[in-house]
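Trainee: So here's start-v1.txt, just compact mmCIF, C-alpha atoms:
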```
# COMPACT_ATOMS: atom_id res chain seq x y z
CA MET A 1 72.48 18.53 7.92
CA SER A 2 68.98 17.16 8.38
CA THR A 3 66.66 18.93 10.75
CA ALA A 4 63.88 16.36 10.63
CA ALA A 5 61.93 16.09 13.85
CA SER A 6 62.21 12.89 15.87
CA PRO A 7 59.24 10.60 15.55
CA HIS A 8 56.56 10.88 18.20
CA PRO A 9 56.87 7.95 20.64
CA SER A 10 53.46 6.59 19.60
CA ASP A 11 54.25 6.77 15.87
CA PRO A 12 54.51 3.41 14.12
CA PRO A 13 57.81 2.23 12.65
CA ARG A 14 58.50 3.89 9.27
CA ARG A 15 59.79 0.79 7.43
CA MET A 16 57.94 -2.51 7.63
CA VAL A 17 57.69 -5.78 5.72
CA ILE A 18 54.54 -7.84 5.99
CA MET A 19 55.82 -11.37 5.47
CA GLY A 20 54.71 -14.95 5.21
CA VAL A 21 54.16 -17.77 2.76
CA ALA A 22 52.11 -17.31 -0.39
CA GLY A 23 48.42 -17.04 0.44
CA SER A 24 48.96 -15.81 4.01
CA GLY A 25 47.27 -12.48 3.23
CA LYS A 26 50.20 -10.14 2.68
CA THR A 27 48.37 -7.97 0.15
CA THR A 28 44.94 -7.95 1.81
CA ILE A 29 46.29 -7.36 5.31
CA GLY A 30 49.08 -5.06 4.07
CA GLU A 31 46.67 -2.75 2.23
CA ALA A 32 44.30 -2.61 5.23
CA LEU A 33 47.16 -2.02 7.66
CA ALA A 34 48.62 0.74 5.48
CA ARG A 35 45.23 2.52 5.50
CA ALA A 36 44.98 2.13 9.28
CA ILE A 37 48.39 3.67 9.99
CA GLY A 38 48.65 6.14 7.10
CA ALA A 39 51.41 4.23 5.31
CA THR A 40 52.09 3.48 1.67
CA TYR A 41 51.69 -0.19 0.72
CA VAL A 42 53.90 -1.72 -1.98
CA ASP A 43 53.13 -5.23 -3.19
CA GLY A 44 56.47 -7.02 -3.39
CA ASP A 45 55.18 -9.11 -6.29
CA GLN A 46 55.40 -5.93 -8.39
CA LEU A 47 59.14 -5.78 -7.64
CA HIS A 48 59.85 -9.24 -9.08
CA PRO A 49 61.58 -9.35 -12.46
CA PRO A 50 59.41 -10.93 -15.21
CA ALA A 51 61.60 -14.06 -15.22
CA ASN A 52 60.69 -14.75 -11.56
CA ILE A 53 56.96 -14.34 -12.26
CA ALA A 54 57.23 -16.68 -15.26
CA LYS A 55 59.09 -19.28 -13.22
CA MET A 56 56.58 -19.23 -10.35
CA SER A 57 53.61 -19.22 -12.79
CA ALA A 58 55.04 -22.42 -14.26
CA GLY A 59 55.10 -23.98 -10.77
CA ILE A 60 58.88 -23.77 -10.41
CA PRO A 61 60.14 -22.56 -7.00
CA LEU A 62 62.59 -19.67 -7.04
CA SER A 63 66.21 -20.32 -6.15
CA ASP A 64 68.20 -18.01 -3.89
CA GLU A 65 69.92 -16.68 -7.03
CA ASP A 66 66.48 -15.71 -8.37
CA ARG A 67 65.55 -14.01 -5.11
CA TRP A 68 68.59 -11.81 -4.34
CA PRO A 69 67.89 -9.09 -6.97
CA TRP A 70 64.24 -9.01 -5.91
CA LEU A 71 65.13 -8.77 -2.20
CA ALA A 72 67.54 -5.92 -3.02
CA LYS A 73 64.64 -4.04 -4.64
CA VAL A 74 62.51 -4.65 -1.58
CA GLY A 75 65.25 -3.19 0.63
CA GLU A 76 65.80 -0.22 -1.68
CA THR A 77 62.07 0.53 -1.55
CA LEU A 78 62.38 0.78 2.24
CA ARG A 79 65.33 3.19 2.32
CA PRO A 80 65.12 6.25 4.59
CA GLY A 81 63.64 9.37 3.06
CA SER A 82 60.48 7.68 1.95
CA PRO A 83 57.18 8.06 3.80
CA THR A 84 56.06 5.33 6.18
CA ILE A 85 56.12 2.32 3.91
CA LEU A 86 54.96 -1.26 4.17
CA VAL A 87 56.13 -3.84 1.63
CA GLY A 88 54.53 -7.23 1.17
CA CYS A 89 57.35 -9.75 0.76
CA SER A 90 57.56 -13.43 1.71
CA ALA A 91 60.97 -12.91 3.44
CA LEU A 92 60.92 -16.61 4.26
CA LYS A 93 64.49 -16.99 5.55
CA ARG A 94 66.38 -15.05 8.16
CA THR A 95 69.15 -14.40 5.63
CA TYR A 96 66.56 -12.76 3.37
CA ARG A 97 65.31 -10.55 6.22
CA ASP A 98 68.88 -9.60 7.15
CA PHE A 99 69.62 -8.77 3.49
CA ILE A 100 66.46 -6.63 3.19
CA THR A 101 67.42 -4.71 6.34
CA GLU A 102 70.98 -4.24 5.07
CA SER A 103 69.68 -3.06 1.67
CA ALA A 104 67.25 -0.67 3.39
CA ALA A 105 70.14 0.85 5.38
CA ALA A 106 67.75 1.31 8.31
CA PRO A 107 65.81 -0.77 10.84
CA VAL A 108 62.92 -2.74 9.34
CA LEU A 109 60.07 -4.26 11.34
CA PHE A 110 58.93 -7.65 9.98
CA ILE A 111 55.28 -8.53 10.56
CA TYR A 112 55.00 -12.30 10.22
CA LEU A 113 51.57 -13.59 9.15
CA ASN A 114 51.38 -17.01 10.77
CA GLY A 115 48.75 -19.52 9.69
CA SER A 116 48.26 -23.22 9.24
CA ARG A 117 48.98 -24.92 5.95
CA GLU A 118 45.33 -25.99 5.76
CA LEU A 119 44.00 -22.42 6.17
CA ILE A 120 46.46 -20.95 3.68
CA SER A 121 45.90 -23.72 1.14
CA ARG A 122 42.15 -23.12 1.28
CA ARG A 123 42.65 -19.37 0.77
CA MET A 124 44.94 -20.00 -2.21
CA ARG A 125 42.37 -22.29 -3.84
CA GLU A 126 39.66 -19.63 -3.37
CA ARG A 127 41.59 -16.68 -4.82
CA THR A 128 41.63 -15.79 -8.48
CA GLY A 129 44.01 -13.89 -10.72
CA HIS A 130 47.26 -14.65 -8.88
CA PHE A 131 50.28 -16.22 -10.58
CA MET A 132 51.36 -18.40 -7.63
CA PRO A 133 49.95 -21.92 -7.94
CA THR A 134 48.87 -23.82 -4.83
CA GLY A 135 51.43 -26.49 -5.74
CA LEU A 136 54.26 -24.22 -4.61
CA LEU A 137 52.88 -23.90 -1.07
CA ASP A 138 54.84 -26.94 0.16
CA SER A 139 58.11 -25.39 -1.04
CA GLN A 140 57.18 -22.14 0.72
CA PHE A 141 56.57 -23.93 4.04
CA ALA A 142 59.76 -25.98 3.58
CA THR A 143 61.76 -22.76 3.12
CA LEU A 144 60.05 -20.79 5.92
CA GLU A 145 62.16 -19.87 8.94
CA ALA A 146 59.84 -18.11 11.36
CA PRO A 147 61.43 -14.98 12.84
CA GLY A 148 63.38 -15.64 16.01
CA PRO A 149 63.01 -13.73 19.28
CA ASP A 150 66.21 -11.80 18.53
CA GLU A 151 64.81 -10.38 15.26
CA ASN A 152 62.95 -7.10 14.85
CA ALA A 153 59.68 -8.93 14.20
CA ILE A 154 56.22 -9.60 15.49
CA ALA A 155 54.11 -12.68 14.71
CA VAL A 156 50.38 -12.40 14.10
CA THR A 157 47.96 -15.29 13.76
CA ILE A 158 45.79 -14.95 10.65
CA ASP A 159 42.81 -17.10 11.64
CA ALA A 160 40.62 -14.11 12.55
CA PRO A 161 38.57 -11.57 10.58
CA LEU A 162 40.62 -8.94 8.71
CA ASP A 163 39.65 -6.04 10.99
CA GLU A 164 40.73 -7.99 14.08
CA ILE A 165 44.07 -8.92 12.51
CA VAL A 166 44.75 -5.29 11.55
CA LYS A 167 43.70 -4.02 14.99
CA SER A 168 46.05 -6.55 16.61
CA ILE A 169 48.97 -5.48 14.41
CA VAL A 170 48.32 -1.76 15.01
CA GLY A 171 48.28 -2.37 18.77
CA ARG A 172 51.48 -4.39 18.63
CA ILE A 173 53.43 -1.86 16.55
CA ARG A 174 52.22 1.04 18.67
CA GLY A 175 53.29 -0.91 21.74
CA LEU A 176 56.73 -1.41 20.22
CA SER A 177 56.97 2.29 19.40
CA ARG A 178 56.12 3.31 22.96
CA SER A 179 58.59 0.91 24.54
CA THR A 180 61.56 1.30 22.21
CA GLY A 181 61.00 4.28 19.93
CA ALA A 182 60.03 3.84 16.28
CA PRO A 183 62.71 2.36 14.04
```
Spit out the file's structure as C-alpha cells when you get a sec.
Mentor:
Amino acid sequence: MSTAASPHPSDPPRRMVIMGVAGSGKTTIGEALARAIGATYVDGDQLHPPANIAKMSAGIPLSDEDRWPWLAKVGETLRPGSPTILVGCSALKRTYRDFITESAAAPVLFIYLNGSRELISRRMRERTGHFMPTGLLDSQFATLEAPGPDENAIAVTIDAPLDEIVKSIVGRIRGLSRSTGAP
C-alpha cells in the first residue's frame, strides 16, 4: 500500500504534454516551463522510432499507423511513479490525446501552444538543425484539432516573449491546481 502524501493544492499537475504543430515552440517553451516548475522535460521527438524521423526528414507526413507506437511511448513516459514530467508532443488530434492519457494510466494536462501559421512558418524557417521541413506545416495544421472545452487542456497564445508565455502557463496551471487539485 502506498503512503505517498497528497499533492499540495498549489502544486502543478504531475503529468503534462506541451502540444502544438511543428515550430510552435514545444521544446523551447517546454524546457523553460520545466525549469520554472521543477519538472523533467522530455522532447517527444526523442521517442520517435528512426523510421518516423526518416519519413518526416524526407517531407512525408506521418500516418496514424506511424504515430500510434510513438504516442504509446509518450503515454508510458507519463505513467505514475515518475517525477513531475512534461513531454513535448504534437498531440494534434483528440484521439491522440485520449490515447496518450489512456497509455499514461493517469490524468494528463495538455498545454496547447496556439499560434498563427505565419508566425510558426517564420520560426521554422529561422531554426536550424531540426529534421522537420517547413513543407510539412500545412499537413500539421490540416490535422490539428484544437483541444475542446471538455478536455483537460489549456490554450496559450505564443506571440509573446518566452518569459511571458512561461509565466502565463505557470499561472494557469497553478490556478487549475487550486481549483480542482493537481491531476
Trainee: Can you pull out every residue within 12 Å of Val170 of chain A, counting all atoms listed in the file, but drop anything in the same chain fewer than 6 positions away, and send it as an mmCIF file with C-alpha atoms, keeping the file's coordinate frame?
Mentor:
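After the write, part-v1.cif holds the following:
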```cif
data_model
loop_
_atom_site.group_PDB
_atom_site.id
_atom_site.type_symbol
_atom_site.label_atom_id
_atom_site.label_comp_id
_atom_site.auth_asym_id
_atom_site.auth_seq_id
_atom_site.Cartn_x
_atom_site.Cartn_y
_atom_site.Cartn_z
ATOM 1 C CA SER A 10 53.460 6.590 19.600
ATOM 2 C CA ASP A 11 54.250 6.770 15.870
ATOM 3 C CA PRO A 12 54.510 3.410 14.120
ATOM 4 C CA PRO A 13 57.810 2.230 12.650
ATOM 5 C CA ILE A 29 46.290 -7.360 5.310
ATOM 6 C CA GLY A 30 49.080 -5.060 4.070
ATOM 7 C CA ALA A 32 44.300 -2.610 5.230
ATOM 8 C CA LEU A 33 47.160 -2.020 7.660
ATOM 9 C CA ALA A 34 48.620 0.740 5.480
ATOM 10 C CA ARG A 35 45.230 2.520 5.500
ATOM 11 C CA ALA A 36 44.980 2.130 9.280
ATOM 12 C CA ILE A 37 48.390 3.670 9.990
ATOM 13 C CA GLY A 38 48.650 6.140 7.100
ATOM 14 C CA ALA A 39 51.410 4.230 5.310
ATOM 15 C CA ILE A 111 55.280 -8.530 10.560
ATOM 16 C CA ILE A 154 56.220 -9.600 15.490
ATOM 17 C CA VAL A 156 50.380 -12.400 14.100
ATOM 18 C CA ASP A 163 39.650 -6.040 10.990
ATOM 19 C CA GLU A 164 40.730 -7.990 14.080
ATOM 20 C CA LEU A 176 56.730 -1.410 20.220
ATOM 21 C CA SER A 177 56.970 2.290 19.400
#
```
Trainee: Select, from A:Leu136, A:Leu109, A:Val74, A:Val166, the residue with the minimum atom-to-atom distance to Ser121 of chain A, counting all atoms listed in the file.
Mentor: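 So, comparing all the options, the nearest one is A:Leu136.
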Trainee: Measuring between only C-alpha atoms, which one of A:Tyr41, A:Trp68, A:Tyr96, A:Tyr112 shows the shortest distance to Thr157 of chain A?
Mentor: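 Going through A:Tyr41, A:Trp68, A:Tyr96, A:Tyr112 one by one, the smallest distance to Thr157 of chain A is for A:Tyr112.
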Trainee: Could you check how far atom CA of Ile165 of chain A sits from atom CA of Gly148 of chain A, in Å to one decimal?
Mentor: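 Between atom CA of Ile165 of chain A and atom CA of Gly148 of chain A the gap works out to 20.7 Å.
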Trainee: Determine the nearest neighbour of Ala160 of chain A from the options A:Ala54, A:Asp45, A:Gly115, A:Leu86, counting all atoms listed in the file.
Mentor: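 Under the stated criterion, the closest residue is A:Gly115.
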Trainee: Determine the nearest neighbour of Ala153 of chain A from the options A:Gly44, A:Pro107, A:Gly171, A:Gly81, counting all atoms listed in the file.
Mentor: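 Using all atoms listed in the file, the shortest distance to Ala153 of chain A belongs to A:Pro107.
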Trainee: Quick check, in Å to one decimal: how far apart do atom CA of Gln140 of chain A and atom CA of Gly23 of chain A lie?
Mentor: 10.1 Å
Trainee: Neighbours of Ala91 of chain A within 12 Å (only C-alpha atoms; same-chain residues fewer than 3 positions away dropped), as an NGL selection string?
Mentor: :A and (16-22 or 26 or 44-45 or 64 or 67-68 or 70-72 or 74-75 or 87-88 or 94-101 or 108-113 or 140-141 or 143-147 or 153)
Trainee: What separation in Å, quoted to one decimal, exists between atom CA of Gln46 of chain A and atom CA of Gly59 of chain A?
Mentor: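 Distance reported for this atom pair: 18.2 Å.
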Trainee: Go through A:Gly175, A:Pro83, A:Pro149, A:Pro50 one by one, measure the shortest atom-to-atom distance of each to Arg14 of chain A using only C-alpha atoms, and give the residue with the smallest value.
Mentor: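 Of all the options, A:Pro83 lies closest to Arg14 of chain A.
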Trainee: Taking 4 positions as the minimum chain separation for residues in the same chain, which residues sit within 9 Å of Pro69 of chain A when counting all atoms listed in the file? Answer as a list in words.
Mentor: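 So, after excluding close chain neighbours, the residues are His48, Pro49, Glu65, Lys73 and Val74 of chain A.
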Trainee: Would you please take segment 45-149 of chain A of the structure in the block above and write C-alpha atoms to a file as an mmCIF file, in the first residue's frame?
Mentor:
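Written out: selection.cif:
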```
data_model
loop_
_atom_site.group_PDB
_atom_site.id
_atom_site.type_symbol
_atom_site.label_atom_id
_atom_site.label_comp_id
_atom_site.auth_asym_id
_atom_site.auth_seq_id
_atom_site.Cartn_x
_atom_site.Cartn_y
_atom_site.Cartn_z
ATOM 1 C CA ASP A 45 10.977 13.792 -30.888
ATOM 2 C CA GLN A 46 13.443 11.583 -29.000
ATOM 3 C CA LEU A 47 10.680 8.982 -28.562
ATOM 4 C CA HIS A 48 10.051 8.620 -32.312
ATOM 5 C CA PRO A 49 11.353 5.448 -33.950
ATOM 6 C CA PRO A 50 14.078 6.118 -36.571
ATOM 7 C CA ALA A 51 11.654 5.272 -39.400
ATOM 8 C CA ASN A 52 9.369 8.165 -38.359
ATOM 9 C CA ILE A 53 12.284 10.621 -38.263
ATOM 10 C CA ALA A 54 13.436 9.447 -41.711
ATOM 11 C CA LYS A 55 9.939 9.807 -43.130
ATOM 12 C CA MET A 56 9.454 13.343 -41.772
ATOM 13 C CA SER A 57 13.001 14.363 -42.821
ATOM 14 C CA ALA A 58 12.047 13.342 -46.361
ATOM 15 C CA GLY A 59 8.996 15.628 -46.187
ATOM 16 C CA ILE A 60 6.497 12.769 -45.869
ATOM 17 C CA PRO A 61 3.734 13.284 -43.276
ATOM 18 C CA LEU A 62 3.275 10.502 -40.733
ATOM 19 C CA SER A 63 0.202 8.306 -40.955
ATOM 20 C CA ASP A 64 -1.803 7.303 -37.898
ATOM 21 C CA GLU A 65 -0.164 3.859 -38.144
ATOM 22 C CA ASP A 66 3.232 5.585 -37.844
ATOM 23 C CA ARG A 67 2.079 7.611 -34.846
ATOM 24 C CA TRP A 68 0.449 5.002 -32.560
ATOM 25 C CA PRO A 69 3.695 3.357 -31.309
ATOM 26 C CA TRP A 70 5.203 6.803 -30.720
ATOM 27 C CA LEU A 71 2.112 8.037 -28.854
ATOM 28 C CA ALA A 72 2.215 4.881 -26.705
ATOM 29 C CA LYS A 73 5.801 5.767 -25.716
ATOM 30 C CA VAL A 74 4.713 9.288 -24.860
ATOM 31 C CA GLY A 75 1.976 7.903 -22.598
ATOM 32 C CA GLU A 76 4.324 5.372 -20.994
ATOM 33 C CA THR A 77 6.773 8.188 -20.225
ATOM 34 C CA LEU A 78 3.982 9.922 -18.296
ATOM 35 C CA ARG A 79 2.964 6.952 -16.140
ATOM 36 C CA PRO A 80 2.555 7.482 -12.380
ATOM 37 C CA GLY A 81 5.637 6.943 -10.270
ATOM 38 C CA SER A 82 7.773 9.323 -12.244
ATOM 39 C CA PRO A 83 8.603 12.826 -11.037
ATOM 40 C CA THR A 84 6.648 15.773 -12.393
ATOM 41 C CA ILE A 85 7.162 15.349 -16.098
ATOM 42 C CA LEU A 86 6.435 17.425 -19.169
ATOM 43 C CA VAL A 87 6.617 15.850 -22.631
ATOM 44 C CA GLY A 88 6.734 17.826 -25.848
ATOM 45 C CA CYS A 89 4.418 16.082 -28.314
ATOM 46 C CA SER A 90 2.326 17.471 -31.172
ATOM 47 C CA ALA A 91 -0.801 15.558 -29.966
ATOM 48 C CA LEU A 92 -2.645 17.087 -32.899
ATOM 49 C CA LYS A 93 -5.875 15.068 -32.698
ATOM 50 C CA ARG A 94 -8.204 14.441 -29.809
ATOM 51 C CA THR A 95 -7.877 10.694 -30.402
ATOM 52 C CA TYR A 96 -4.115 11.052 -29.925
ATOM 53 C CA ARG A 97 -4.599 12.958 -26.654
ATOM 54 C CA ASP A 98 -7.106 10.373 -25.423
ATOM 55 C CA PHE A 99 -4.672 7.574 -26.341
ATOM 56 C CA ILE A 100 -1.783 9.307 -24.530
ATOM 57 C CA THR A 101 -3.930 9.713 -21.409
ATOM 58 C CA GLU A 102 -5.036 6.072 -21.594
ATOM 59 C CA SER A 103 -1.418 4.926 -22.057
ATOM 60 C CA ALA A 104 -0.320 7.106 -19.125
ATOM 61 C CA ALA A 105 -2.960 5.462 -16.904
ATOM 62 C CA ALA A 106 -3.422 8.813 -15.148
ATOM 63 C CA PRO A 107 -4.759 12.304 -15.847
ATOM 64 C CA VAL A 108 -2.620 14.346 -18.250
ATOM 65 C CA LEU A 109 -2.830 18.115 -18.681
ATOM 66 C CA PHE A 110 -2.357 19.229 -22.300
ATOM 67 C CA ILE A 111 -0.840 22.685 -22.795
ATOM 68 C CA TYR A 112 -1.754 23.791 -26.311
ATOM 69 C CA LEU A 113 0.649 26.280 -27.907
ATOM 70 C CA ASN A 114 -1.574 28.280 -30.228
ATOM 71 C CA GLY A 115 -0.083 30.486 -32.925
ATOM 72 C CA SER A 116 -0.765 31.674 -36.434
ATOM 73 C CA ARG A 117 0.537 29.795 -39.439
ATOM 74 C CA GLU A 118 2.534 32.887 -40.439
ATOM 75 C CA LEU A 119 4.304 33.153 -37.057
ATOM 76 C CA ILE A 120 5.084 29.444 -36.885
ATOM 77 C CA SER A 121 6.250 29.287 -40.502
ATOM 78 C CA ARG A 122 8.657 32.166 -39.856
ATOM 79 C CA ARG A 123 10.020 30.434 -36.747
ATOM 80 C CA MET A 124 10.519 27.179 -38.672
ATOM 81 C CA ARG A 125 12.445 28.983 -41.422
ATOM 82 C CA GLU A 126 14.700 30.623 -38.813
ATOM 83 C CA ARG A 127 15.580 27.481 -36.851
ATOM 84 C CA THR A 128 18.470 25.210 -37.700
ATOM 85 C CA GLY A 129 19.268 21.576 -37.040
ATOM 86 C CA HIS A 130 15.708 20.223 -36.921
ATOM 87 C CA PHE A 131 14.523 17.349 -39.116
ATOM 88 C CA MET A 132 11.006 18.709 -39.750
ATOM 89 C CA PRO A 133 10.851 20.654 -43.021
ATOM 90 C CA THR A 134 8.640 23.732 -43.306
ATOM 91 C CA GLY A 135 6.790 21.968 -46.129
ATOM 92 C CA LEU A 136 5.048 19.700 -43.614
ATOM 93 C CA LEU A 137 3.492 22.616 -41.729
ATOM 94 C CA ASP A 138 0.360 22.593 -43.910
ATOM 95 C CA SER A 139 -0.245 18.912 -43.098
ATOM 96 C CA GLN A 140 0.210 19.692 -39.389
ATOM 97 C CA PHE A 141 -2.404 22.474 -39.486
ATOM 98 C CA ALA A 142 -4.746 20.280 -41.566
ATOM 99 C CA THR A 143 -4.513 17.542 -38.914
ATOM 100 C CA LEU A 144 -4.760 19.861 -35.881
ATOM 101 C CA GLU A 145 -7.874 19.563 -33.719
ATOM 102 C CA ALA A 146 -7.561 22.215 -31.037
ATOM 103 C CA PRO A 147 -8.481 20.874 -27.587
ATOM 104 C CA GLY A 148 -12.154 21.238 -26.769
ATOM 105 C CA PRO A 149 -13.582 22.759 -23.590
#
```
